[in-house]
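Listing of my_file-v9.txt; format and content: compact mmCIF, N, CA and C atoms and all ligand atoms.
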# COMPACT_ATOMS: atom_id res chain seq x y z
N MET A 1 -38.10 -49.80 11.20
CA MET A 1 -37.72 -48.42 11.47
C MET A 1 -36.28 -48.31 11.94
N LYS A 2 -35.67 -47.32 11.43
CA LYS A 2 -34.28 -47.12 11.83
C LYS A 2 -34.13 -45.87 12.69
N PHE A 3 -33.43 -46.07 13.69
CA PHE A 3 -33.11 -44.92 14.53
C PHE A 3 -31.65 -44.53 14.31
N SER A 4 -31.45 -43.34 13.91
CA SER A 4 -30.07 -42.89 13.80
C SER A 4 -29.57 -42.46 15.19
N THR A 5 -28.56 -43.14 15.54
CA THR A 5 -28.03 -42.87 16.87
C THR A 5 -26.91 -41.84 16.81
N ILE A 6 -27.18 -40.78 17.38
CA ILE A 6 -26.16 -39.73 17.40
C ILE A 6 -25.53 -39.66 18.79
N VAL A 7 -24.33 -40.07 18.82
CA VAL A 7 -23.62 -40.00 20.10
C VAL A 7 -22.81 -38.73 20.14
N ALA A 8 -23.33 -37.81 20.82
CA ALA A 8 -22.63 -36.54 20.90
C ALA A 8 -21.70 -36.55 22.11
N THR A 9 -20.52 -36.93 21.82
CA THR A 9 -19.55 -36.96 22.90
C THR A 9 -18.82 -35.64 22.97
N ALA A 10 -19.17 -34.91 23.92
CA ALA A 10 -18.53 -33.60 24.05
C ALA A 10 -17.24 -33.75 24.85
N VAL A 11 -16.22 -33.99 24.09
CA VAL A 11 -14.91 -34.07 24.75
C VAL A 11 -14.37 -32.65 24.89
N SER A 12 -14.71 -32.09 25.96
CA SER A 12 -14.24 -30.71 26.14
C SER A 12 -12.92 -30.75 26.87
N ALA A 13 -11.90 -30.61 26.08
CA ALA A 13 -10.57 -30.51 26.68
C ALA A 13 -10.41 -29.11 27.24
N ALA A 14 -11.25 -28.86 28.19
CA ALA A 14 -11.31 -27.50 28.71
C ALA A 14 -10.06 -27.18 29.51
N ILE A 15 -9.29 -26.34 28.92
CA ILE A 15 -8.13 -25.84 29.66
C ILE A 15 -8.65 -24.83 30.66
N ALA A 16 -8.61 -25.23 31.87
CA ALA A 16 -9.26 -24.45 32.91
C ALA A 16 -8.58 -23.10 33.08
N VAL A 17 -9.22 -22.11 32.54
CA VAL A 17 -8.73 -20.76 32.76
C VAL A 17 -9.46 -20.23 33.98
N SER A 18 -9.10 -20.79 35.07
CA SER A 18 -9.76 -20.42 36.30
C SER A 18 -9.20 -19.11 36.82
N GLY A 19 -9.80 -18.65 37.83
CA GLY A 19 -9.34 -17.40 38.40
C GLY A 19 -8.12 -17.57 39.29
N THR A 20 -7.59 -18.77 39.30
CA THR A 20 -6.45 -19.02 40.17
C THR A 20 -5.19 -18.39 39.62
N PRO A 21 -4.64 -17.48 40.32
CA PRO A 21 -3.41 -16.87 39.82
C PRO A 21 -2.20 -17.79 40.00
N ILE A 22 -1.67 -18.22 38.89
CA ILE A 22 -0.48 -19.07 38.96
C ILE A 22 0.69 -18.25 38.43
N GLU A 23 1.12 -17.32 39.21
CA GLU A 23 2.15 -16.42 38.75
C GLU A 23 3.50 -16.81 39.32
N LYS A 24 4.10 -17.77 38.63
CA LYS A 24 5.44 -18.12 39.09
C LYS A 24 6.45 -17.15 38.47
N ARG A 25 6.37 -16.99 37.12
CA ARG A 25 7.18 -15.98 36.45
C ARG A 25 6.30 -15.29 35.44
N GLU A 26 6.75 -14.17 35.02
CA GLU A 26 5.97 -13.45 34.02
C GLU A 26 6.20 -14.08 32.65
N VAL A 27 5.14 -14.60 32.09
CA VAL A 27 5.21 -15.23 30.79
C VAL A 27 4.65 -14.26 29.76
N GLY A 28 5.28 -14.23 28.62
CA GLY A 28 4.79 -13.36 27.57
C GLY A 28 5.70 -12.19 27.27
N GLY A 29 6.89 -12.23 27.84
CA GLY A 29 7.85 -11.16 27.57
C GLY A 29 8.41 -11.27 26.16
N LEU A 30 8.43 -10.16 25.48
CA LEU A 30 8.81 -10.19 24.07
C LEU A 30 9.52 -8.89 23.70
N LEU A 31 10.67 -9.06 23.07
CA LEU A 31 11.42 -7.91 22.57
C LEU A 31 11.16 -7.73 21.09
N LEU A 32 10.74 -6.54 20.72
CA LEU A 32 10.54 -6.20 19.31
C LEU A 32 11.48 -5.07 18.94
N CYS A 33 12.13 -5.19 17.79
CA CYS A 33 12.95 -4.10 17.29
C CYS A 33 12.74 -3.98 15.79
N THR A 34 12.81 -2.76 15.31
CA THR A 34 12.66 -2.56 13.88
C THR A 34 13.85 -3.14 13.14
N GLY A 35 15.02 -3.11 13.76
CA GLY A 35 16.22 -3.62 13.10
C GLY A 35 16.55 -5.03 13.54
N ALA A 36 17.41 -5.68 12.76
CA ALA A 36 17.88 -7.01 13.13
C ALA A 36 18.84 -6.90 14.30
N ASN A 37 19.00 -7.99 14.99
CA ASN A 37 19.95 -8.06 16.10
C ASN A 37 19.69 -6.98 17.15
N ALA A 38 18.43 -6.77 17.45
CA ALA A 38 18.04 -5.82 18.49
C ALA A 38 18.57 -4.41 18.24
N THR A 39 18.49 -3.98 17.00
CA THR A 39 18.89 -2.62 16.65
C THR A 39 17.65 -1.82 16.25
N GLY A 40 17.87 -0.56 15.99
CA GLY A 40 16.76 0.30 15.61
C GLY A 40 15.93 0.67 16.81
N THR A 41 14.64 0.85 16.58
CA THR A 41 13.71 1.17 17.65
C THR A 41 13.24 -0.12 18.30
N CYS A 42 13.36 -0.22 19.59
CA CYS A 42 12.99 -1.45 20.30
C CYS A 42 11.90 -1.16 21.32
N THR A 43 11.15 -2.19 21.62
CA THR A 43 10.19 -2.12 22.71
C THR A 43 10.12 -3.47 23.36
N TYR A 44 10.04 -3.45 24.69
CA TYR A 44 9.90 -4.71 25.42
C TYR A 44 8.68 -4.62 26.31
N ASN A 45 7.84 -5.67 26.22
CA ASN A 45 6.66 -5.72 27.06
C ASN A 45 6.36 -7.17 27.42
N VAL A 46 5.61 -7.33 28.47
CA VAL A 46 5.04 -8.64 28.77
C VAL A 46 3.61 -8.60 28.25
N TYR A 47 3.36 -9.45 27.28
CA TYR A 47 2.09 -9.39 26.58
C TYR A 47 1.12 -10.45 27.10
N GLU A 48 -0.12 -10.06 27.18
CA GLU A 48 -1.16 -10.99 27.59
C GLU A 48 -1.24 -12.13 26.56
N LEU A 49 -1.37 -13.34 27.07
CA LEU A 49 -1.45 -14.49 26.19
C LEU A 49 -2.83 -14.59 25.56
N LYS A 50 -2.87 -15.30 24.45
CA LYS A 50 -4.13 -15.60 23.75
C LYS A 50 -4.91 -14.34 23.41
N THR A 51 -4.18 -13.29 23.12
CA THR A 51 -4.80 -12.02 22.74
C THR A 51 -4.02 -11.50 21.54
N CYS A 52 -4.74 -10.98 20.58
CA CYS A 52 -4.06 -10.40 19.43
C CYS A 52 -3.49 -9.04 19.82
N HIS A 53 -2.23 -8.84 19.49
CA HIS A 53 -1.59 -7.56 19.75
C HIS A 53 -1.24 -6.91 18.42
N GLN A 54 -1.84 -5.79 18.18
CA GLN A 54 -1.60 -5.06 16.95
C GLN A 54 -0.28 -4.32 17.05
N LEU A 55 0.53 -4.45 16.03
CA LEU A 55 1.80 -3.71 16.04
C LEU A 55 1.56 -2.26 15.63
N PRO A 56 1.95 -1.34 16.47
CA PRO A 56 1.84 0.08 16.10
C PRO A 56 3.05 0.49 15.27
N ALA A 57 2.98 1.67 14.71
CA ALA A 57 4.16 2.25 14.07
C ALA A 57 5.21 2.47 15.16
N PRO A 58 6.48 2.32 14.90
CA PRO A 58 7.09 1.98 13.61
C PRO A 58 7.25 0.48 13.38
N PHE A 59 6.60 -0.33 14.22
CA PHE A 59 6.84 -1.78 14.15
C PHE A 59 5.98 -2.48 13.09
N HIS A 60 4.86 -1.86 12.76
CA HIS A 60 3.97 -2.45 11.77
C HIS A 60 4.71 -2.61 10.45
N HIS A 61 4.76 -3.83 9.97
CA HIS A 61 5.48 -4.15 8.72
C HIS A 61 6.95 -3.72 8.79
N ASN A 62 7.48 -3.71 9.98
CA ASN A 62 8.83 -3.13 10.15
C ASN A 62 9.50 -3.70 11.40
N THR A 63 9.42 -5.00 11.57
CA THR A 63 9.99 -5.63 12.75
C THR A 63 10.92 -6.76 12.34
N SER A 64 12.18 -6.59 12.63
CA SER A 64 13.15 -7.63 12.27
C SER A 64 13.55 -8.48 13.48
N THR A 65 13.51 -7.87 14.65
CA THR A 65 13.79 -8.63 15.88
C THR A 65 12.47 -8.95 16.57
N PHE A 66 12.23 -10.23 16.73
CA PHE A 66 10.99 -10.71 17.35
C PHE A 66 11.42 -11.81 18.31
N ALA A 67 11.75 -11.44 19.52
CA ALA A 67 12.47 -12.35 20.41
C ALA A 67 11.73 -12.56 21.73
N PRO A 68 11.04 -13.70 21.82
CA PRO A 68 10.35 -14.02 23.08
C PRO A 68 11.35 -14.41 24.17
N ASP A 69 10.94 -14.19 25.39
CA ASP A 69 11.73 -14.64 26.54
C ASP A 69 11.76 -16.17 26.61
N GLY A 70 12.47 -16.66 27.61
CA GLY A 70 12.76 -18.09 27.67
C GLY A 70 11.72 -18.97 28.32
N GLU A 71 10.62 -18.40 28.80
CA GLU A 71 9.60 -19.25 29.40
C GLU A 71 8.91 -20.09 28.34
N ALA A 72 8.09 -21.01 28.78
CA ALA A 72 7.49 -21.99 27.87
C ALA A 72 6.26 -21.42 27.18
N PHE A 73 6.52 -20.52 26.25
CA PHE A 73 5.40 -20.00 25.46
C PHE A 73 5.87 -19.76 24.03
N ASN A 74 4.92 -19.77 23.14
CA ASN A 74 5.16 -19.51 21.72
C ASN A 74 4.45 -18.23 21.32
N CYS A 75 5.01 -17.54 20.35
CA CYS A 75 4.32 -16.41 19.75
C CYS A 75 4.17 -16.65 18.26
N PHE A 76 3.08 -16.15 17.72
CA PHE A 76 2.76 -16.37 16.32
C PHE A 76 2.64 -15.03 15.60
N PRO A 77 3.63 -14.66 14.84
CA PRO A 77 3.50 -13.46 14.02
C PRO A 77 2.41 -13.66 12.97
N ARG A 78 1.60 -12.64 12.77
CA ARG A 78 0.50 -12.75 11.79
C ARG A 78 0.66 -11.69 10.70
N ILE A 79 0.26 -12.09 9.51
CA ILE A 79 0.30 -11.14 8.39
C ILE A 79 -0.78 -10.08 8.56
N GLY A 80 -1.94 -10.51 8.99
CA GLY A 80 -3.07 -9.59 9.06
C GLY A 80 -3.10 -8.78 10.33
N ASP A 81 -3.80 -7.68 10.28
CA ASP A 81 -4.04 -6.90 11.48
C ASP A 81 -4.98 -7.66 12.40
N CYS A 82 -4.99 -7.28 13.65
CA CYS A 82 -5.94 -7.86 14.59
C CYS A 82 -7.36 -7.63 14.06
N GLY A 83 -8.17 -8.66 14.10
CA GLY A 83 -9.53 -8.53 13.64
C GLY A 83 -9.71 -8.81 12.17
N SER A 84 -8.62 -8.93 11.45
CA SER A 84 -8.75 -9.25 10.03
C SER A 84 -9.09 -10.73 9.89
N ILE A 85 -9.68 -11.05 8.80
CA ILE A 85 -10.10 -12.42 8.57
C ILE A 85 -9.01 -13.16 7.82
N CYS A 86 -8.56 -14.25 8.41
CA CYS A 86 -7.51 -15.04 7.80
C CYS A 86 -8.13 -16.28 7.17
N THR A 87 -7.96 -16.41 5.88
CA THR A 87 -8.55 -17.56 5.20
C THR A 87 -7.53 -18.65 4.94
N SER A 88 -6.31 -18.42 5.36
CA SER A 88 -5.27 -19.42 5.12
C SER A 88 -5.32 -20.51 6.18
N PRO A 89 -5.22 -21.76 5.73
CA PRO A 89 -5.21 -22.86 6.71
C PRO A 89 -4.01 -22.81 7.64
N THR A 90 -2.99 -22.08 7.24
CA THR A 90 -1.82 -21.99 8.10
C THR A 90 -1.95 -20.88 9.13
N GLY A 91 -3.09 -20.22 9.14
CA GLY A 91 -3.31 -19.21 10.16
C GLY A 91 -2.60 -17.89 9.89
N CYS A 92 -2.15 -17.72 8.65
CA CYS A 92 -1.48 -16.47 8.27
C CYS A 92 -0.30 -16.17 9.17
N THR A 93 0.37 -17.22 9.58
CA THR A 93 1.60 -17.08 10.32
C THR A 93 2.60 -18.04 9.71
N PHE A 94 3.86 -17.83 9.97
CA PHE A 94 4.82 -18.81 9.48
C PHE A 94 5.08 -19.88 10.52
N GLY A 95 4.50 -19.71 11.68
CA GLY A 95 4.64 -20.73 12.70
C GLY A 95 4.98 -20.14 14.06
N ALA A 96 5.23 -21.03 14.95
CA ALA A 96 5.50 -20.63 16.32
C ALA A 96 6.92 -20.11 16.46
N VAL A 97 7.04 -19.04 17.20
CA VAL A 97 8.35 -18.50 17.52
C VAL A 97 8.53 -18.58 19.03
N ASP A 98 9.61 -19.18 19.44
CA ASP A 98 9.91 -19.18 20.86
C ASP A 98 11.35 -18.72 21.06
N PHE A 99 11.81 -18.86 22.28
CA PHE A 99 13.15 -18.38 22.64
C PHE A 99 14.22 -18.98 21.74
N ASN A 100 14.00 -20.19 21.28
CA ASN A 100 15.02 -20.90 20.52
C ASN A 100 14.91 -20.73 19.01
N TYR A 101 13.94 -19.94 18.57
CA TYR A 101 13.74 -19.79 17.13
C TYR A 101 14.97 -19.13 16.50
N LYS A 102 15.48 -19.71 15.44
CA LYS A 102 16.79 -19.28 14.92
C LYS A 102 16.76 -17.90 14.29
N ASN A 103 15.64 -17.50 13.75
CA ASN A 103 15.59 -16.19 13.07
C ASN A 103 14.98 -15.10 13.93
N LYS A 104 14.93 -15.32 15.24
CA LYS A 104 14.23 -14.34 16.06
C LYS A 104 14.90 -12.97 16.05
N PHE A 105 16.19 -12.94 15.72
CA PHE A 105 16.87 -11.65 15.62
C PHE A 105 16.98 -11.15 14.19
N ASP A 106 16.35 -11.85 13.29
CA ASP A 106 16.36 -11.39 11.90
C ASP A 106 15.23 -12.03 11.10
N LEU A 107 14.03 -11.48 11.30
CA LEU A 107 12.90 -12.02 10.54
C LEU A 107 13.09 -11.78 9.04
N GLY A 108 13.97 -10.88 8.70
CA GLY A 108 14.25 -10.63 7.30
C GLY A 108 14.82 -11.86 6.60
N ALA A 109 15.37 -12.77 7.36
CA ALA A 109 15.91 -14.00 6.78
C ALA A 109 14.82 -14.80 6.09
N ILE A 110 13.58 -14.63 6.56
CA ILE A 110 12.46 -15.31 5.92
C ILE A 110 11.47 -14.30 5.33
N LYS A 111 11.94 -13.08 5.18
CA LYS A 111 11.17 -12.00 4.54
C LYS A 111 9.90 -11.63 5.32
N TRP A 112 9.92 -11.89 6.62
CA TRP A 112 8.74 -11.59 7.40
C TRP A 112 8.82 -10.24 8.10
N ASN A 113 9.97 -9.61 8.04
CA ASN A 113 10.11 -8.33 8.72
C ASN A 113 9.17 -7.28 8.14
N THR A 114 8.80 -7.43 6.87
CA THR A 114 7.90 -6.46 6.25
C THR A 114 6.47 -6.99 6.14
N LEU A 115 6.23 -8.18 6.64
CA LEU A 115 4.89 -8.75 6.57
C LEU A 115 4.14 -8.65 7.89
N ILE A 116 4.87 -8.69 8.98
CA ILE A 116 4.24 -8.82 10.29
C ILE A 116 3.39 -7.59 10.62
N SER A 117 2.15 -7.88 11.01
CA SER A 117 1.23 -6.81 11.37
C SER A 117 0.75 -6.93 12.81
N SER A 118 0.70 -8.16 13.28
CA SER A 118 0.20 -8.39 14.62
C SER A 118 0.78 -9.72 15.10
N PHE A 119 0.51 -10.05 16.33
CA PHE A 119 0.98 -11.34 16.85
C PHE A 119 0.14 -11.73 18.06
N ASP A 120 0.23 -12.99 18.39
CA ASP A 120 -0.36 -13.46 19.63
C ASP A 120 0.53 -14.56 20.18
N CYS A 121 0.41 -14.78 21.47
CA CYS A 121 1.27 -15.74 22.14
C CYS A 121 0.40 -16.70 22.96
N GLU A 122 0.93 -17.87 23.19
CA GLU A 122 0.21 -18.82 24.05
C GLU A 122 1.22 -19.74 24.71
N LEU A 123 0.76 -20.34 25.79
CA LEU A 123 1.62 -21.28 26.49
C LEU A 123 1.87 -22.49 25.63
N LYS A 124 3.06 -23.05 25.73
CA LYS A 124 3.29 -24.34 25.11
C LYS A 124 2.50 -25.38 25.89
N THR A 125 2.29 -26.51 25.25
CA THR A 125 1.62 -27.58 25.96
C THR A 125 2.43 -27.89 27.22
N PRO A 126 1.80 -27.75 28.35
CA PRO A 126 2.57 -27.85 29.58
C PRO A 126 3.20 -29.23 29.73
N PRO A 127 4.46 -29.29 30.07
CA PRO A 127 5.08 -30.57 30.38
C PRO A 127 4.56 -31.08 31.71
N THR A 128 4.69 -32.33 31.93
CA THR A 128 4.24 -32.88 33.21
C THR A 128 5.01 -32.21 34.34
N THR A 129 4.26 -31.61 35.21
CA THR A 129 4.91 -30.92 36.30
C THR A 129 5.51 -31.93 37.27
N GLN A 130 6.59 -31.55 37.82
CA GLN A 130 7.27 -32.47 38.73
C GLN A 130 7.13 -32.04 40.18
C1 LIG B 1 23.27 -10.31 13.39
O1 LIG B 1 24.39 -10.71 14.18
C2 LIG B 1 24.99 -11.89 13.72
C3 LIG B 1 26.05 -12.27 14.72
O2 LIG B 1 26.88 -11.18 14.98
C4 LIG B 1 25.54 -11.66 12.32
O3 LIG B 1 26.14 -12.84 11.84
C5 LIG B 1 24.41 -11.28 11.40
O4 LIG B 1 24.91 -10.96 10.13
C6 LIG B 1 23.65 -10.09 11.96
N1 LIG B 1 22.49 -9.87 11.12
C7 LIG B 1 22.20 -8.72 10.60
C8 LIG B 1 20.99 -8.68 9.70
O5 LIG B 1 22.82 -7.71 10.82
C1 LIG B 2 11.06 1.33 10.49
O1 LIG B 2 11.58 1.70 11.76
C2 LIG B 2 12.63 2.65 11.68
C3 LIG B 2 13.17 2.87 13.10
O2 LIG B 2 12.16 3.29 13.96
C4 LIG B 2 12.10 3.94 11.08
O3 LIG B 2 13.16 4.87 10.96
C5 LIG B 2 11.53 3.64 9.71
O4 LIG B 2 10.93 4.80 9.21
C6 LIG B 2 10.49 2.54 9.81
N1 LIG B 2 10.03 2.19 8.48
C7 LIG B 2 8.74 2.08 8.19
C8 LIG B 2 8.42 1.65 6.80
O5 LIG B 2 7.86 2.29 9.03

Target format structure tokens, applied to this file:
Amino acid sequence: MKFSTIVATAVSAAIAVSGTPIEKREVGGLLLCTGANATGTCTYNVYELKTCHQLPAPFHHNTSTFAPDGEAFNCFPRIGDCGSICTSPTGCTFGAVDFNYKNKFDLGAIKWNTLISSFDCELKTPPTTQ
């Protein structure tokens, strides 16, 4: 008789989202403008992380400036609206955008100014705290 041994190792890399407020600085600040180089209609907000934020008019499909603040977080512009189903393995984003992203003041450089419908942000992998 053979016993199939199933070792269910639950490696839960649980990022502890505890109730502990670690508010050193406000993370999630993001400038959006319809025009490149912070022109046109702009809005600045500190956005909750790990939450989809739907772009309202006039920013929906109309955002050329997508400029996160300098803290250690990334934002991911998405083609689909919040709640839409993304079947692309790339997550329907062109990738992470942070403070240093070269096209943050001109998404039109990669033709994303007319594609962006929503976005979400998350902390970068935390560096070893000193
Ligand atoms: C944005 O500003 C830079 C630097 O002044 C300029 O080179 C670039 O052409 C501008 N982009 C647009 C789309 O206006
Ligand atoms: C894009 O934003 C500008 C500035 O708010 C607005 O005038 C224009 O109508 C918008 N375009 C679209 C397609 O929403």

Ala109 in chain A surroundings by only C-alpha atoms, 12 Å radius, close-in-sequence under 5 positions cut, as a tab-separated table (two decimals) with N, CA and C atoms, in the coordinates of the input:
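Saved the output as around-v8.tsv:
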chain	number	residue	atom	x	y	z
A	36	ALA	N	17.41	-5.68	12.76
A	36	ALA	CA	17.88	-7.01	13.13
A	36	ALA	C	18.84	-6.90	14.30
A	37	ASN	N	19.00	-7.99	14.99
A	37	ASN	CA	19.95	-8.06	16.10
A	37	ASN	C	19.69	-6.98	17.15
A	63	THR	N	9.42	-5.00	11.57
A	63	THR	CA	9.99	-5.63	12.75
A	63	THR	C	10.92	-6.76	12.34
A	64	SER	N	12.18	-6.59	12.63
A	64	SER	CA	13.15	-7.63	12.27
A	64	SER	C	13.55	-8.48	13.48
A	65	THR	N	13.51	-7.87	14.65
A	65	THR	CA	13.79	-8.63	15.88
A	65	THR	C	12.47	-8.95	16.57
A	102	LYS	N	15.48	-19.71	15.44
A	102	LYS	CA	16.79	-19.28	14.92
A	102	LYS	C	16.76	-17.90	14.29
A	103	ASN	N	15.64	-17.50	13.75
A	103	ASN	CA	15.59	-16.19	13.07
A	103	ASN	C	14.98	-15.10	13.93
A	104	LYS	N	14.93	-15.32	15.24
A	104	LYS	CA	14.23	-14.34	16.06
A	104	LYS	C	14.90	-12.97	16.05
A	114	THR	N	8.80	-7.43	6.87
A	114	THR	CA	7.90	-6.46	6.25
A	114	THR	C	6.47	-6.99	6.14

Query raised in the report: Excluding same-chain residues fewer than 6 positions from range 47-62 of chain A, what lies within 8 Å of it counting only N, CA and C atoms, as a list in words?
Result: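 These residues fall inside the cut-off: Glu26, Val27, Gly28, Gly29, Leu30, Leu32, Cys33, Thr34, Gly35, Thr41, Gly80, Asp81, Cys82, Gly83, Trp112, Asn113, Thr114, Leu115, Ile116, Ser117, Ser118, Phe119, Asp120, Cys121, Glu122 and Leu123 of chain A.
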
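Pairwise distance (CA of Lys124 in chain A, CA of Ala72 in chain A) equals 5.5 Å.
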
Report summary line: Students should find that atom N of Phe76 in chain A and atom O2 of ligand LIG 2 (chain B) are spaced 21.8 Å

Query raised in the report: Which residue out of A:Cys86, A:Leu107, A:Val97, A:Val46 has the minimum interatomic distance to ligand LIG 1 (chain B) when all atoms listed in the file are used?
Result: A:Leu107

Query raised in the report: For the atom pair CA of Thr39 in chain A and CA of Gly91 in chain A, what is the interatomic distance in Å to one decimal place?
Result: 28.5 Å

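Counting only N, CA and C atoms, the residue from A:Ala67, A:Ile79, A:Ile85, A:Cys42 that sits nearest to Tyr101 in chain A is A:Ala67.
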
Query raised in the report: Smallest atom-to-atom distance to ligand LIG 1 (chain B): which of A:Leu31, A:Pro77, A:Ala38, A:Ser88, using all atoms listed in the file?
Result: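 Of the candidates, the smallest distance to ligand LIG 1 (chain B) is held by A:Ala38.
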
To box ligand LIG 1 (chain B), take all atoms listed in the file, fit an axis-aligned box, add 5 Å on each side, and give centre and edge lengths in Å to one decimal, as JSON.
{"center_x": 23.9, "center_y": -10.3, "center_z": 12.3, "size_x": 15.9, "size_y": 15.1, "size_z": 15.3}

Requested in this report: Give the strand (DSSP E) residues of range 6-120 of chain A, as DSSP finds them on the backbone, and put them as a ChimeraX atom specification.
Outcome: /A:29-33,42-46,53-54,65-68,73-78,118-120

Query - For ligand LIG 1 (chain B), the nearest of the candidates A:Gly95, A:Gly108, A:Gly70, A:Pro89, counting only N, CA and C atoms and all ligand atoms - result: A:Gly108
